[in-house]
Every structure is written in structure tokens, then in C-alpha cells.
$ cat data04.tsv   # TSV, C-alpha atoms
chain	number	residue	atom	x	y	z
A	9	MET	CA	0.00	0.00	0.00
A	10	GLU	CA	1.53	3.27	-1.14
A	11	GLY	CA	1.81	6.51	0.79
A	12	GLU	CA	2.67	7.45	4.33
A	13	ARG	CA	-0.95	8.10	5.22
A	14	PRO	CA	-3.25	6.50	2.66
A	15	LEU	CA	-6.76	7.88	2.47
A	16	VAL	CA	-9.29	5.69	4.27
A	17	SER	CA	-12.90	5.82	3.08
A	18	VAL	CA	-15.31	5.05	5.93
A	19	ILE	CA	-18.68	3.76	4.70
A	20	ILE	CA	-21.72	3.78	7.01
A	21	PRO	CA	-25.01	2.34	5.75
A	22	THR	CA	-27.96	3.61	7.79
A	23	TYR	CA	-31.70	3.19	8.00
A	24	ASP	CA	-33.98	4.92	10.52
A	25	ARG	CA	-31.58	4.95	13.50
A	26	PRO	CA	-30.63	8.64	13.74
A	27	GLU	CA	-29.47	8.65	17.37
A	28	MET	CA	-27.22	5.63	16.91
A	29	LEU	CA	-25.97	7.04	13.62
A	30	VAL	CA	-24.82	10.22	15.36
A	31	GLU	CA	-22.80	8.17	17.86
A	32	ALA	CA	-21.27	6.10	15.06
A	33	VAL	CA	-20.26	9.22	13.13
A	34	GLU	CA	-18.83	10.82	16.27
A	35	SER	CA	-16.61	7.77	16.73
A	36	VAL	CA	-15.30	8.22	13.17
A	37	VAL	CA	-14.59	11.91	13.70
A	38	ALA	CA	-12.73	11.00	16.91
A	39	GLN	CA	-10.27	8.65	15.16
A	40	ASP	CA	-6.63	9.50	15.80
A	41	TYR	CA	-5.84	8.71	12.15
A	42	PRO	CA	-6.02	11.97	10.16
A	43	SER	CA	-6.55	10.94	6.53
A	44	LEU	CA	-10.23	10.00	6.36
A	45	GLU	CA	-13.28	10.56	4.25
A	46	LEU	CA	-16.72	9.66	5.55
A	47	ILE	CA	-19.52	8.41	3.31
A	48	VAL	CA	-22.91	7.88	4.93
A	49	VAL	CA	-25.43	6.05	2.74
A	50	ASP	CA	-29.01	6.66	3.84
A	51	ASP	CA	-30.93	3.60	2.69
A	52	GLY	CA	-34.32	5.31	2.36
A	53	SER	CA	-34.84	6.42	5.97
A	54	SER	CA	-38.22	7.99	6.76
A	55	SER	CA	-36.37	11.13	7.88
A	56	PRO	CA	-33.22	11.96	5.89
A	57	ALA	CA	-30.08	10.97	7.76
A	58	GLU	CA	-28.34	14.15	6.67
A	59	GLU	CA	-30.68	16.15	8.90
A	60	ALA	CA	-29.65	14.13	11.98
A	61	LEU	CA	-25.97	14.79	11.20
A	62	SER	CA	-26.28	18.55	10.98
A	63	GLY	CA	-23.44	19.99	13.08
A	64	VAL	CA	-22.02	16.57	13.97
A	65	VAL	CA	-19.25	16.47	11.37
A	66	PRO	CA	-16.78	19.35	11.83
A	67	ASP	CA	-16.04	21.80	9.06
A	68	GLY	CA	-13.18	20.65	6.85
A	69	PHE	CA	-13.81	16.93	7.45
A	70	ALA	CA	-14.32	15.14	4.12
A	71	PHE	CA	-17.95	14.05	4.32
A	72	ARG	CA	-20.75	13.08	1.97
A	73	CYS	CA	-24.25	11.83	2.72
A	74	LEU	CA	-25.82	9.86	-0.13
A	75	ARG	CA	-29.42	8.69	-0.18
A	76	HIS	CA	-31.41	5.83	-1.67
A	77	GLU	CA	-34.98	6.90	-2.35
A	78	THR	CA	-36.22	3.43	-1.33
A	79	ASN	CA	-34.90	0.91	1.16
A	80	ARG	CA	-32.65	-1.50	-0.73
A	81	GLY	CA	-30.78	-3.22	2.10
A	82	ALA	CA	-27.48	-2.71	3.87
A	83	ASN	CA	-25.35	-4.43	1.23
A	84	ALA	CA	-26.79	-2.24	-1.51
A	85	ALA	CA	-25.93	0.78	0.63
A	86	ARG	CA	-22.39	-0.51	1.13
A	87	THR	CA	-22.05	-1.04	-2.61
A	88	THR	CA	-23.11	2.56	-3.22
A	89	GLY	CA	-20.48	3.69	-0.74
A	90	ILE	CA	-17.80	1.53	-2.36
A	91	ARG	CA	-18.63	2.94	-5.77
A	92	GLU	CA	-18.32	6.54	-4.51
A	93	ALA	CA	-15.22	6.03	-2.34
A	94	ASN	CA	-11.89	7.67	-3.20
A	95	GLY	CA	-9.76	5.94	-0.57
A	96	ASP	CA	-6.90	3.49	-0.86
A	97	VAL	CA	-8.49	1.63	2.06
A	98	LEU	CA	-12.18	0.96	2.70
A	99	ALA	CA	-13.52	0.58	6.24
A	100	PHE	CA	-17.11	-0.14	7.18
A	101	LEU	CA	-19.13	0.84	10.21
A	102	ASP	CA	-22.71	-0.20	10.92
A	103	ASP	CA	-24.84	2.62	12.27
A	104	ASP	CA	-25.45	0.85	15.61
A	105	ASP	CA	-21.74	0.29	16.32
A	106	ARG	CA	-18.89	2.55	17.43
A	107	TRP	CA	-15.12	2.55	17.03
A	108	LYS	CA	-12.41	3.19	19.56
A	109	PRO	CA	-10.18	6.12	18.53
A	110	GLU	CA	-7.13	4.03	17.60
A	111	LYS	CA	-9.00	1.53	15.41
A	112	ILE	CA	-8.25	2.84	11.92
A	113	GLY	CA	-4.64	3.77	12.67
A	114	ILE	CA	-3.91	0.24	13.86
A	115	GLN	CA	-5.52	-1.32	10.79
A	116	VAL	CA	-3.64	0.97	8.40
A	117	SER	CA	-0.38	-0.08	10.08
A	118	ALA	CA	-1.26	-3.73	9.47
A	119	LEU	CA	-2.11	-3.04	5.83
A	120	ARG	CA	1.31	-1.50	5.20
A	121	ASP	CA	2.59	-5.08	4.92
A	122	ASP	CA	2.52	-5.77	1.17
A	123	ASP	CA	1.08	-9.26	1.74
A	124	ILE	CA	-1.88	-8.06	3.83
A	125	GLY	CA	-5.05	-6.89	2.12
A	126	VAL	CA	-7.62	-7.26	4.92
A	127	ALA	CA	-7.26	-6.33	8.59
A	128	ILE	CA	-9.89	-7.48	11.11
A	129	VAL	CA	-10.11	-6.23	14.70
A	130	GLY	CA	-11.94	-7.59	17.72
A	131	GLN	CA	-15.19	-6.39	19.23
A	132	GLU	CA	-16.68	-5.88	22.64
A	133	PHE	CA	-20.38	-6.11	23.38
A	134	THR	CA	-22.07	-3.67	25.74
A	135	THR	CA	-25.49	-3.27	27.34
A	136	LYS	CA	-27.66	-0.20	26.78
A	137	HIS	CA	-26.04	1.22	29.91
A	138	GLY	CA	-22.57	0.88	28.39
A	139	GLU	CA	-21.47	-2.09	30.52
A	140	ARG	CA	-19.14	-4.50	28.76
A	141	THR	CA	-20.50	-8.04	28.66
A	142	THR	CA	-18.33	-10.13	26.32
A	143	ILE	CA	-15.35	-9.78	24.02
A	144	GLN	CA	-14.78	-11.54	20.70
A	145	LEU	CA	-11.36	-11.53	19.06
A	146	PRO	CA	-10.60	-12.71	15.51
A	147	ASP	CA	-8.41	-15.73	14.85
A	148	VAL	CA	-8.43	-15.95	11.05
A	149	ASP	CA	-5.14	-17.29	9.69
A	150	PRO	CA	-3.13	-15.06	7.31
A	151	ALA	CA	-3.86	-17.57	4.52
A	152	ALA	CA	-7.50	-17.10	5.36
A	153	THR	CA	-9.55	-19.21	2.96
A	154	GLU	CA	-9.23	-22.55	4.70
A	155	SER	CA	-9.81	-21.14	8.18
A	156	LEU	CA	-12.92	-19.26	7.00
A	157	LEU	CA	-14.26	-22.48	5.52
A	158	GLY	CA	-13.87	-23.94	9.01
A	159	ASN	CA	-14.66	-22.40	12.36
A	160	ALA	CA	-12.38	-19.35	12.42
A	161	VAL	CA	-13.72	-16.34	14.29
A	162	ALA	CA	-13.84	-13.36	11.94
A	163	GLY	CA	-16.07	-10.35	12.49
A	164	PRO	CA	-18.87	-8.23	11.03
A	165	PHE	CA	-18.40	-5.34	8.64
A	166	SER	CA	-17.61	-2.88	11.43
A	167	THR	CA	-14.39	-4.80	12.18
A	168	ILE	CA	-13.11	-4.92	8.59
A	169	ALA	CA	-10.67	-2.68	6.72
A	170	VAL	CA	-9.66	-3.74	3.20
A	171	GLU	CA	-7.49	-2.33	0.45
A	172	ALA	CA	-9.57	-0.84	-2.33
A	173	SER	CA	-7.53	-2.71	-4.94
A	174	VAL	CA	-8.58	-6.04	-3.39
A	175	VAL	CA	-12.24	-5.00	-3.54
A	176	GLU	CA	-11.79	-4.16	-7.22
A	177	GLU	CA	-10.61	-7.73	-7.83
A	178	THR	CA	-13.22	-9.40	-5.62
A	179	GLY	CA	-16.32	-7.31	-6.19
A	180	PRO	CA	-18.67	-5.82	-3.57
A	181	PRO	CA	-20.69	-7.73	-0.96
A	182	ASP	CA	-23.39	-9.95	-2.43
A	183	GLU	CA	-26.69	-8.09	-2.11
A	184	ARG	CA	-28.70	-11.31	-2.24
A	185	PHE	CA	-27.70	-12.31	1.31
A	186	PRO	CA	-30.03	-11.16	4.11
A	187	ALA	CA	-27.46	-12.52	6.61
A	188	TRP	CA	-23.91	-13.91	6.54
A	189	GLN	CA	-22.99	-11.12	4.08
A	190	ASP	CA	-19.84	-10.30	6.03
A	191	ARG	CA	-18.40	-13.82	6.26
A	192	GLU	CA	-19.34	-14.60	2.66
A	193	TRP	CA	-17.54	-11.48	1.46
A	194	LEU	CA	-14.50	-12.22	3.61
A	195	LEU	CA	-14.32	-15.69	2.10
A	196	ARG	CA	-14.24	-14.20	-1.39
A	197	LEU	CA	-11.70	-11.56	-0.36
A	198	SER	CA	-9.47	-14.32	1.01
A	199	ARG	CA	-8.93	-15.65	-2.51
A	200	HIS	CA	-7.06	-12.43	-3.42
A	201	CYS	CA	-4.97	-11.49	-0.36
A	202	ARG	CA	-3.73	-12.42	3.08
A	203	PHE	CA	-5.42	-11.38	6.32
A	204	GLU	CA	-4.23	-9.85	9.58
A	205	SER	CA	-6.22	-10.68	12.72
A	206	ILE	CA	-5.73	-7.89	15.26
A	207	ARG	CA	-6.64	-9.34	18.63
A	208	ARG	CA	-7.80	-6.14	20.26
A	209	PRO	CA	-11.46	-5.18	20.88
A	210	LEU	CA	-11.61	-1.93	18.92
A	211	VAL	CA	-15.29	-2.07	17.88
A	212	VAL	CA	-18.07	-1.50	20.42
A	213	ARG	CA	-21.33	-3.28	19.62
A	214	ARG	CA	-24.63	-2.91	21.43
A	215	ILE	CA	-26.74	-5.74	22.79
A	216	GLY	CA	-30.35	-4.61	22.71
A	217	ARG	CA	-33.88	-5.21	21.54
A	218	TYR	CA	-33.80	-3.32	18.29
A	219	GLU	CA	-33.91	-4.97	14.89
A	220	GLN	CA	-30.67	-6.49	13.63
A	221	ILE	CA	-30.03	-8.68	10.60
A	222	GLY	CA	-29.13	-11.64	12.81
A	223	ASP	CA	-32.59	-11.56	14.44
A	224	ARG	CA	-34.40	-12.56	11.24
A	225	PHE	CA	-34.16	-16.32	11.29
A	226	GLU	CA	-36.33	-17.37	8.37
A	227	PRO	CA	-34.40	-15.42	5.68
A	228	LEU	CA	-31.21	-16.85	7.17
A	229	ARG	CA	-32.57	-20.40	6.89
A	230	ASP	CA	-34.31	-20.04	3.54
A	231	VAL	CA	-32.03	-17.67	1.61
A	232	SER	CA	-28.58	-17.22	3.12
A	233	TYR	CA	-27.96	-20.85	4.02
A	234	PRO	CA	-28.70	-22.46	0.62
A	235	LEU	CA	-27.05	-19.61	-1.27
A	236	TYR	CA	-23.87	-19.79	0.84
A	237	VAL	CA	-23.64	-23.54	0.33
A	238	GLU	CA	-24.26	-23.20	-3.41
A	239	LYS	CA	-21.56	-20.54	-3.84
A	240	HIS	CA	-18.80	-22.12	-1.79
A	241	ARG	CA	-19.31	-25.88	-1.65
A	242	GLU	CA	-16.89	-26.49	-4.52
A	243	LEU	CA	-14.28	-24.28	-2.86
A	244	ALA	CA	-14.60	-26.32	0.35
A	245	ALA	CA	-14.18	-29.51	-1.66
A	246	LEU	CA	-11.04	-28.07	-3.25
A	247	TYR	CA	-9.56	-27.74	0.25
A	248	GLY	CA	-10.76	-31.20	1.28
A	249	ARG	CA	-13.23	-29.77	3.80
A	250	GLU	CA	-16.58	-30.16	2.06
A	251	ARG	CA	-18.29	-32.31	4.71
A	252	GLU	CA	-17.03	-30.16	7.57
A	253	PHE	CA	-18.06	-27.00	5.70
A	254	LEU	CA	-21.59	-28.29	5.13
A	255	ALA	CA	-21.91	-29.45	8.73
A	256	ARG	CA	-20.72	-26.15	10.19
A	257	ARG	CA	-23.18	-24.17	8.08
A	258	ALA	CA	-26.00	-26.48	9.23
A	259	MET	CA	-24.84	-26.12	12.82
A	260	SER	CA	-24.95	-22.33	12.47
A	261	ILE	CA	-28.61	-22.61	11.47
A	262	ALA	CA	-29.26	-24.87	14.46
A	263	CYS	CA	-27.66	-22.31	16.77
A	264	ALA	CA	-29.69	-19.46	15.27
A	265	GLY	CA	-32.83	-21.58	15.58
A	266	LEU	CA	-32.22	-22.05	19.30
A	267	ALA	CA	-31.58	-18.34	19.79
A	268	ASN	CA	-34.81	-17.42	18.00
A	269	GLY	CA	-37.10	-20.12	19.39
A	270	TYR	CA	-37.24	-22.32	16.27
A	271	TYR	CA	-36.62	-25.58	18.11
A	272	ALA	CA	-37.86	-27.92	15.38
A	273	ASP	CA	-35.49	-26.29	12.90
A	274	ALA	CA	-32.68	-26.44	15.45
A	275	ARG	CA	-33.22	-30.19	15.83
A	276	ARG	CA	-33.37	-30.73	12.08
A	277	PHE	CA	-30.19	-28.82	11.31
A	278	ALA	CA	-28.27	-30.21	14.26
A	279	LEU	CA	-29.10	-33.71	13.02
A	280	ARG	CA	-28.02	-32.72	9.52
A	281	ALA	CA	-24.69	-31.51	10.89
A	282	ILE	CA	-24.14	-34.74	12.84
A	283	ARG	CA	-24.96	-36.95	9.87
A	284	THR	CA	-22.74	-34.94	7.56
A	285	TYR	CA	-19.71	-34.69	9.84
A	286	PRO	CA	-19.99	-36.76	13.05
A	287	PRO	CA	-16.81	-35.35	14.71
A	288	LEU	CA	-18.52	-31.95	15.11
A	289	ARG	CA	-19.14	-32.19	18.85
A	290	ASP	CA	-21.07	-28.95	19.37
A	291	ALA	CA	-23.81	-30.23	17.08
A	292	TYR	CA	-24.67	-32.91	19.66
A	293	LEU	CA	-25.04	-30.24	22.33
A	294	TYR	CA	-27.33	-28.17	20.11
A	295	LEU	CA	-29.42	-31.25	19.36
A	296	PHE	CA	-29.76	-32.04	23.06
A	297	ILE	CA	-30.82	-28.49	23.91
A	298	ALA	CA	-33.30	-28.43	21.03
A	299	LEU	CA	-34.85	-31.70	22.24
A	300	ILE	CA	-35.25	-30.41	25.79
A	301	GLY	CA	-36.66	-27.06	24.69
A	302	PRO	CA	-36.69	-23.40	25.83
A	303	HIS	CA	-35.84	-24.03	29.49
A	304	ALA	CA	-32.67	-25.89	28.54
A	305	TYR	CA	-31.64	-23.13	26.14
A	306	ARG	CA	-32.08	-20.44	28.77
A	307	SER	CA	-30.18	-22.52	31.34
A	308	ALA	CA	-27.34	-23.23	28.90
A	309	SER	CA	-27.13	-19.53	28.02
A	310	GLN	CA	-26.94	-18.62	31.71
A	311	VAL	CA	-24.16	-21.16	32.30
A	312	LYS	CA	-22.24	-19.79	29.33
A	313	ARG	CA	-22.50	-16.22	30.63
A	314	THR	CA	-21.36	-17.32	34.11
A	315	VAL	CA	-18.33	-19.15	32.68
A	316	GLU	CA	-17.39	-16.13	30.54
A	317	ARG	CA	-17.59	-13.79	33.56
A	318	SER	CA	-15.40	-16.19	35.55
A	319	ARG	CA	-12.81	-16.37	32.78
A	320	ARG	CA	-12.67	-12.56	32.56
A	321	SER	CA	-12.18	-12.20	36.30
A	322	ILE	CA	-9.32	-14.72	36.21
A	323	ARG	CA	-7.42	-13.21	33.30
A	324	GLY	CA	-8.18	-9.60	34.23
A	325	SER	CA	-9.16	-6.81	31.94
A	326	ILE	CA	-8.24	-6.89	28.26
A	327	PRO	CA	-6.72	-3.67	26.82
$ encode --input "data04.tsv" --output "C-alpha cells"
Amino acid sequence: MEGERPLVSVIIPTYDRPEMLVEAVESVVAQDYPSLELIVVDDGSSSPAEEALSGVVPDGFAFRCLRHETNRGANAARTTGIREANGDVLAFLDDDDRWKPEKIGIQVSALRDDDIGVAIVGQEFTTKHGERTTIQLPDVDPAATESLLGNAVAGPFSTIAVEASVVEETGPPDERFPAWQDREWLLRLSRHCRFESIRRPLVVRRIGRYEQIGDRFEPLRDVSYPLYVEKHRELAALYGREREFLARRAMSIACAGLANGYYADARRFALRAIRTYPPLRDAYLYLFIALIGPHAYRSASQVKRTVERSRRSIRGSIP
């Protein structure tokens, strides 16, 4: 990547969340990396997002607010932002997330390595009161394709920075996906560059009862799952991981089914995962919970939270 301080284009898709959008934009303005442009893509909000941002972005900060006249989905908004971006690096921020001030600077430093085209950071989850609950750190291998076909922890769009030249080779996110857009795009990006997993929680994500893509189970089951398998099954076979790949995708549906109360679907997809790839131990746990029902899921979730709190208290705070 050329230049001492390459221009980073920050792309924020937004739809009808003006208060959260303001906080997201404020976290971009507060970055300690100076060479930024901000592109907000209003995906047909009932009240124009540009009105909510009046006075939020300081004078002299490179900023544009684009608008779709109708709601076309977050990936379509990201594609609009990609098309309009001038930066050497593209970074994405969902309107309900925030960045820590050092996030972009750290990713740009990682991308200075000629072999690295994508840099992913970790995330921390907070309650509506701002209390940190859990942390998730990426562990994608530099040669990322095989690990993404498996169970590597990556991250959503808000954690990703990618060289614009890699996006030109790969293409934008696939607008057909109502969920799994981020991982599907990362898998395609991995065919063109190496990854850097930055194990620091530099994205702050809210846990709350507002609509998120991951909450819509049926489109995940009926659209994203078969489309993901169709697009990448041959790639998994090329790496000798087809059965594991298919089982892990089925297990993801089982997990989402449990989280959303679709216990029959959770049982069906857990069984599919077990039959496809019997060594996948978590699938047996999901099947057991799905057979027992809602009480078992709530109890298992409580145990998981207790274990995570205990682990954090033992290892201390994470910077």
C-alpha cells in the first residue's frame, strides 16, 4: 500500500436509526488517524439521515451523505459507498456500532505489509447502559480461505478494513444475502490477499432489543444458508473440507434456531450436521438443547454467561 498516510474511506449504511448514527459518526470523527473521508449512505430512511448529522461532522472533514430513495438493504448501501469512495483503504461501520479512537490507525499499520489486504479487529459487546458483557477476538489465519471455511472467528463489517484494490478484484458484498454477508464477502476476499487478525477489541457493539439482521431467522434459513452452500461448496471440496463446511453451516442454522425459538429447525439442522460430519461435537449439544426445549436453552445460556464472567475475572481486563 503506497503513501505514508493513505486515504481511508469510511462507509456507514444507515436506516432509521438517527441517534445511533450520530454516535457512530462521532466515533469516526474522533479517530486518531487523520486521513479520512466519511460516506454515509441513507438507505431510504423515513427522515433523511443528513438532517440528523447537521453539526455533527466538523467543518473541513471530508464528508458526503448519499441517499437511496427506497430501502434496498445494507449491502446495496455498502455497494453505493464503495462505488463513490476515493480511498486506498475501505472501512465499514454499521450505524449501531462505534469505534475506539485508535482503530483505523492500527488497521492501516497492518495493511502497510505488502502481503496483507484485509485487517480485522476484535469487538466488545455492551449493554444499553454501556457495561461491557463479552469480548470476541478474531483468529483468522493469514492464509484465510481454509480457516474461514472452518470455524475461524472473523467479524462483522464494522471490524473490517480492506485495500480498495482487493475490492476491485473481488467485487462488492453480495446483495442477495439477508445474513452472513460479512463472512461470505471475507471468504471471497481471502482468494485475493492475506489477512491480519488484530486481537484487540476496537469495535463496540450494542446488545439490545432493536432490529438487527441476525434476528431474522427465516431469511437466514431459507435464503442465506442455501445460497452460501451453493456458492462455496466447490471451494470447500477443493480444500478437502466439504463435509465439515456443510456441517458447520448447518450447525450455524441450528444455533440461530435455538436463539430465535425455532426448536424444530434447530433439531433438524443439528441432526443434519451430525450426519454430515460426526466429529462436530457442538452439534450434539445443540441437538440435546433443542430436544429439551426453551428451558434448557435459557439454562445453557446462563451457564455460558457465568463461565465467561469467571474467565474474565481470572485473566483480568483486556486492553
$ closest_residue --input "data04.tsv" --among "A:Trp107, A:Tyr41, A:Tyr23, A:Phe225" --to "Arg75 of chain A" --atoms "all atoms listed in the file"
A:Tyr23
$ residues_around --input "data04.tsv" --residues "segment 247-262 of chain A" --least-positions-apart "6" --cutoff "9 Å" --atoms "only C-alpha atoms" --output "short mmCIF file (atom, residue, chain, number, x, y, z; two decimals) with C-alpha atoms, in the frame of the given file"
data_model
loop_
_atom_site.label_atom_id
_atom_site.label_comp_id
_atom_site.auth_asym_id
_atom_site.auth_seq_id
_atom_site.Cartn_x
_atom_site.Cartn_y
_atom_site.Cartn_z
CA THR A 153 -9.55 -19.21 2.96
CA GLU A 154 -9.23 -22.55 4.70
CA LEU A 157 -14.26 -22.48 5.52
CA GLY A 158 -13.87 -23.94 9.01
CA ASN A 159 -14.66 -22.40 12.36
CA PHE A 225 -34.16 -16.32 11.29
CA LEU A 228 -31.21 -16.85 7.17
CA ARG A 229 -32.57 -20.40 6.89
CA TYR A 233 -27.96 -20.85 4.02
CA TYR A 236 -23.87 -19.79 0.84
CA VAL A 237 -23.64 -23.54 0.33
CA HIS A 240 -18.80 -22.12 -1.79
CA ARG A 241 -19.31 -25.88 -1.65
CA TYR A 270 -37.24 -22.32 16.27
CA TYR A 271 -36.62 -25.58 18.11
CA ASP A 273 -35.49 -26.29 12.90
CA ALA A 274 -32.68 -26.44 15.45
CA ARG A 275 -33.22 -30.19 15.83
CA ARG A 276 -33.37 -30.73 12.08
CA PHE A 277 -30.19 -28.82 11.31
CA ALA A 278 -28.27 -30.21 14.26
CA LEU A 279 -29.10 -33.71 13.02
CA ARG A 280 -28.02 -32.72 9.52
CA ALA A 281 -24.69 -31.51 10.89
CA ILE A 282 -24.14 -34.74 12.84
CA ARG A 283 -24.96 -36.95 9.87
CA THR A 284 -22.74 -34.94 7.56
CA TYR A 285 -19.71 -34.69 9.84
CA PRO A 286 -19.99 -36.76 13.05
CA PRO A 287 -16.81 -35.35 14.71
CA LEU A 288 -18.52 -31.95 15.11
CA ASP A 290 -21.07 -28.95 19.37
CA ALA A 291 -23.81 -30.23 17.08
CA TYR A 294 -27.33 -28.17 20.11
CA LEU A 295 -29.42 -31.25 19.36
CA ALA A 298 -33.30 -28.43 21.03
#
$ closest_residue --input "data04.tsv" --among "A:Ala82, A:Ala272, A:Glu139, A:Cys263" --to "Gln189 of chain A" --atoms "all atoms listed in the file"
A:Ala82
$ atom_distance --input "data04.tsv" --atom1 "atom CA of Val65 of chain A" --atom2 "atom CA of Phe165 of chain A"
22.0 Å
$ atom_distance --input "data04.tsv" --atom1 "atom CA of Phe100 of chain A" --atom2 "atom CA of Phe203 of chain A"
16.2 Å
$ closest_residue --input "data04.tsv" --among "A:Ile297, A:Ala267, A:Val49, A:Val30" --to "Gly81 of chain A" --atoms "only C-alpha atoms"
A:Val49
$ closest_residue --input "data04.tsv" --among "A:Thr135, A:Thr141, A:Ser173, A:Gln115" --to "Glu204 of chain A" --atoms "all atoms listed in the file"
A:Gln115
$ closest_residue --input "data04.tsv" --among "A:Ala160, A:Leu235, A:Val18, A:Val175" --to "Trp188 of chain A" --atoms "all atoms listed in the file"
A:Leu235
$ atom_distance --input "data04.tsv" --atom1 "atom CA of Gly179 of chain A" --atom2 "atom CA of Ile90 of chain A"
9.7 Å
$ closest_residue --input "data04.tsv" --among "A:Glu45, A:Asp50, A:Glu192, A:Glu132" --to "Leu29 of chain A" --atoms "all atoms listed in the file"
A:Asp50
$ residues_near_point --input "data04.tsv" --point "(-19.1, 5.3, 14.3)" --cutoff "8 Å" --atoms "only C-alpha atoms" --output "number ranges by chain"
A: 20, 29-36, 101-107
$ residues_around --input "data04.tsv" --residues "Glu110 of chain A" --least-positions-apart "4" --cutoff "9 Å" --atoms "only C-alpha atoms" --output "ChimeraX atom specification"
/A:38-41,114-115,210
$ residues_around --input "data04.tsv" --residues "Asp51 of chain A" --least-positions-apart "5" --cutoff "7 Å" --atoms "all atoms listed in the file" --output "PDB file with C-alpha atoms, in the coordinates of the input"
ATOM      1  CA  PRO A  21     -25.010   2.340   5.750  1.00  0.00           C
ATOM      2  CA  THR A  22     -27.960   3.610   7.790  1.00  0.00           C
ATOM      3  CA  TYR A  23     -31.700   3.190   8.000  1.00  0.00           C
ATOM      4  CA  ARG A  75     -29.420   8.690  -0.180  1.00  0.00           C
ATOM      5  CA  HIS A  76     -31.410   5.830  -1.670  1.00  0.00           C
ATOM      6  CA  THR A  78     -36.220   3.430  -1.330  1.00  0.00           C
ATOM      7  CA  ASN A  79     -34.900   0.910   1.160  1.00  0.00           C
ATOM      8  CA  ARG A  80     -32.650  -1.500  -0.730  1.00  0.00           C
ATOM      9  CA  GLY A  81     -30.780  -3.220   2.100  1.00  0.00           C
ATOM     10  CA  ALA A  85     -25.930   0.780   0.630  1.00  0.00           C
TER      11      ALA A  85
END
